[in-house]
$ cat run-v5.txt   # compact mmCIF, C-alpha atoms
# COMPACT_ATOMS: atom_id res chain seq x y z
CA MET A 14 -19.63 20.05 3.09
CA ASN A 15 -20.27 16.89 5.11
CA SER A 16 -21.68 15.12 2.06
CA LEU A 17 -18.47 15.77 0.09
CA TYR A 18 -16.39 14.55 3.00
CA ASN A 19 -18.46 11.36 3.22
CA LEU A 20 -18.22 10.88 -0.55
CA ALA A 21 -14.42 11.24 -0.39
CA LEU A 22 -14.32 8.66 2.42
CA ARG A 23 -16.38 6.21 0.35
CA GLN A 24 -14.19 6.78 -2.71
CA SER A 25 -11.05 6.27 -0.65
CA SER A 26 -12.46 3.05 0.76
CA SER A 27 -13.42 1.91 -2.74
CA LEU A 28 -9.90 2.62 -4.00
CA GLN A 29 -8.38 0.59 -1.18
CA SER A 30 -10.75 -2.30 -1.81
CA ASP A 31 -10.13 -2.28 -5.57
CA LEU A 32 -6.37 -2.13 -5.04
CA ALA A 33 -6.60 -5.18 -2.79
CA ARG A 34 -8.59 -6.98 -5.51
CA LEU A 35 -6.03 -5.96 -8.13
CA ASP A 36 -3.24 -7.27 -5.91
CA ALA A 37 -5.03 -10.58 -5.49
CA ASP A 38 -5.73 -10.85 -9.25
CA ALA A 39 -2.39 -9.50 -10.53
CA GLY A 40 -2.18 -10.37 -14.19
CA GLY A 41 -5.56 -12.08 -14.18
CA ALA A 42 -8.29 -11.70 -16.77
CA SER A 43 -10.09 -8.91 -14.91
CA SER A 44 -6.89 -6.96 -14.26
CA ALA A 45 -7.23 -4.57 -17.21
CA ALA A 46 -10.87 -3.79 -16.42
CA LEU A 47 -10.04 -3.22 -12.77
CA GLN A 48 -7.17 -0.91 -13.72
CA GLY A 49 -9.56 1.16 -15.82
CA GLN A 50 -12.05 1.30 -12.97
CA LEU A 51 -9.32 2.40 -10.58
CA THR A 52 -8.18 5.15 -12.93
CA ALA A 53 -11.74 6.49 -13.12
CA THR A 54 -12.15 6.29 -9.34
CA PHE A 55 -8.87 8.16 -8.80
CA SER A 56 -10.12 10.95 -11.08
CA ALA A 57 -13.45 11.15 -9.29
CA PHE A 58 -11.71 11.11 -5.90
CA LEU A 59 -9.45 14.00 -6.87
CA ARG A 60 -12.43 16.03 -8.14
CA THR A 61 -14.27 15.39 -4.88
CA VAL A 62 -11.26 16.45 -2.81
CA ASP A 63 -10.86 19.58 -4.96
CA ASP A 64 -14.54 20.44 -4.46
CA TYR A 65 -14.26 19.79 -0.73
CA GLU A 66 -11.19 22.01 -0.53
CA GLY A 67 -13.02 24.80 -2.36
CA LEU A 68 -15.86 24.65 0.14
CA ALA A 69 -13.41 24.48 3.04
CA LYS A 70 -11.66 27.64 1.91
CA ARG A 71 -15.01 29.46 1.89
CA GLU A 72 -15.97 28.22 5.37
CA LEU A 73 -16.57 31.19 7.67
CA VAL A 74 -16.02 29.38 10.98
CA GLN A 75 -12.26 29.24 11.48
CA SER A 76 -12.22 25.97 13.44
CA LYS A 77 -14.36 24.20 10.82
CA GLN A 78 -12.15 25.55 8.04
CA GLU A 79 -8.99 24.31 9.75
CA LYS A 80 -10.50 20.87 10.34
CA ALA A 81 -11.65 20.61 6.73
CA LEU A 82 -8.28 21.72 5.35
CA GLU A 83 -6.55 19.11 7.54
CA ARG A 84 -8.88 16.51 6.06
CA VAL A 85 -7.99 17.72 2.55
CA LYS A 86 -4.30 17.37 3.40
CA LYS A 87 -4.92 13.83 4.66
CA PHE A 88 -6.89 12.90 1.53
CA ARG A 89 -4.12 14.22 -0.73
CA GLU A 90 -1.47 12.25 1.16
CA GLU A 91 -3.63 9.15 1.00
CA GLU A 92 -4.16 9.64 -2.74
CA LYS A 93 -0.39 9.79 -3.30
CA GLU A 94 0.13 6.59 -1.33
CA LEU A 95 -2.69 4.79 -3.13
CA LYS A 96 -1.46 6.01 -6.51
CA THR A 97 2.04 4.69 -5.72
CA GLN A 98 0.53 1.34 -4.75
CA PHE A 99 -1.52 1.33 -7.96
CA GLU A 100 1.56 1.95 -10.11
CA ARG A 101 3.42 -0.83 -8.30
CA LEU A 102 0.53 -3.24 -8.85
CA LYS A 103 0.24 -2.29 -12.53
CA ASN A 104 3.94 -3.03 -12.99
CA LYS A 105 3.53 -6.30 -11.11
CA ALA A 106 0.65 -7.25 -13.43
CA LYS A 107 2.77 -6.45 -16.49
CA VAL A 108 5.62 -8.61 -15.23
CA SER A 109 3.18 -11.44 -14.47
CA SER A 110 1.66 -11.28 -17.93
CA TRP A 111 5.12 -11.20 -19.53
CA SER A 112 6.19 -14.21 -17.48
CA ALA A 113 3.06 -16.11 -18.43
CA ALA A 114 3.49 -15.29 -22.11
CA GLY A 115 7.17 -16.28 -22.16
$ encode --input "run-v5.txt" --output "structure tokens"
Amino acid sequence: MNSLYNLALRQSSSLQSDLARLDADAGGASSAALQGQLTATFSAFLRTVDDYEGLAKRELVQSKQEKALERVKKFREEEKELKTQFERLKNKAKVSSWSAAG
């Protein structure tokens, strides 16, 4: 279970880093590729969190189960926030590309 938790942490960190890069490059040449990468990372992150939650629900030690389920809740909230930021940055990139084209 610890390995899934660590994987989710790395994926979350990767999402944050890629979103920062997307923000810095809004509308740039690598923007579309980075958006695709982010979409794939979001999918992988959600699968990891789902797997972690499945293991947490089967945990026999009550305190460990509660801790793991709290972590799942935190990951899901973080995913929503990051997804909102991603959508905002995608829209910002669209506006930038429209402005540059016009």
$ residues_around --input "run-v5.txt" --residues "Gly67 of chain A" --least-positions-apart "6" --cutoff "10 Å" --atoms "all atoms listed in the file" --output "PyMOL selection string"
chain A and resi 14+61+82+85
$ closest_residue --input "run-v5.txt" --among "A:Asp64, A:Glu72, A:Asp36, A:Glu79" --to "Arg101 of chain A" --atoms "all atoms listed in the file"
A:Asp36
$ closest_residue --input "run-v5.txt" --among "A:Asn104, A:Tyr65, A:Ser27, A:Arg71" --to "Lys86 of chain A" --atoms "all atoms listed in the file"
A:Tyr65
$ atom_distance --input "run-v5.txt" --atom1 "atom CA of Leu32 of chain A" --atom2 "atom CA of Tyr18 of chain A"
21.1 Å
$ closest_residue --input "run-v5.txt" --among "A:Ala57, A:Leu47, A:Leu73, A:Ala106" --to "Ser30 of chain A" --atoms "all atoms listed in the file"
A:Leu47
$ axis_aligned_box --input "run-v5.txt" --around "segment 80-94 of chain A" --padding-each-side "3 Å" --output "JSON"
{"center_x": -5.8, "center_y": 14.2, "center_z": 3.5, "size_x": 17.8, "size_y": 21.1, "size_z": 19.6}
$ closest_atom_pairs --input "run-v5.txt" --of "segment 70-95 of chain A" --to "segment 52-55 of chain A" --cutoff "12 Å" --atoms "all atoms listed in the file" --output "JSON lines"
{"residue": "A:Phe88", "atom": "CA", "partner": "A:Phe55", "partner_atom": "CA", "distance": 11.5}
{"residue": "A:Arg89", "atom": "CA", "partner": "A:Phe55", "partner_atom": "CA", "distance": 11.2}
{"residue": "A:Glu91", "atom": "CA", "partner": "A:Phe55", "partner_atom": "CA", "distance": 11.2}
{"residue": "A:Glu92", "atom": "CA", "partner": "A:Phe55", "partner_atom": "CA", "distance": 7.8}
{"residue": "A:Lys93", "atom": "CA", "partner": "A:Phe55", "partner_atom": "CA", "distance": 10.2}
{"residue": "A:Glu94", "atom": "CA", "partner": "A:Phe55", "partner_atom": "CA", "distance": 11.8}
{"residue": "A:Leu95", "atom": "CA", "partner": "A:Phe55", "partner_atom": "CA", "distance": 9.0}
$ write_last_selection --input "run-v5.txt" --atoms "C-alpha atoms" --output "PDB file, keeping the file's coordinate frame"
ATOM      1  CA  PHE A  88      -6.890  12.900   1.530  1.00  0.00           C
ATOM      2  CA  ARG A  89      -4.120  14.220  -0.730  1.00  0.00           C
ATOM      3  CA  GLU A  91      -3.630   9.150   1.000  1.00  0.00           C
ATOM      4  CA  GLU A  92      -4.160   9.640  -2.740  1.00  0.00           C
ATOM      5  CA  LYS A  93      -0.390   9.790  -3.300  1.00  0.00           C
ATOM      6  CA  GLU A  94       0.130   6.590  -1.330  1.00  0.00           C
ATOM      7  CA  LEU A  95      -2.690   4.790  -3.130  1.00  0.00           C
TER       8      LEU A  95
END
$ atom_distance --input "run-v5.txt" --atom1 "atom CA of Asp63 of chain A" --atom2 "atom CA of Leu20 of chain A"
12.2 Å
$ atom_distance --input "run-v5.txt" --atom1 "atom CA of Val62 of chain A" --atom2 "atom CA of Leu17 of chain A"
7.8 Å
$ closest_residue --input "run-v5.txt" --among "A:Leu22, A:Lys107, A:Glu100, A:Ser16" --to "Arg84 of chain A" --atoms "only C-alpha atoms"
A:Leu22
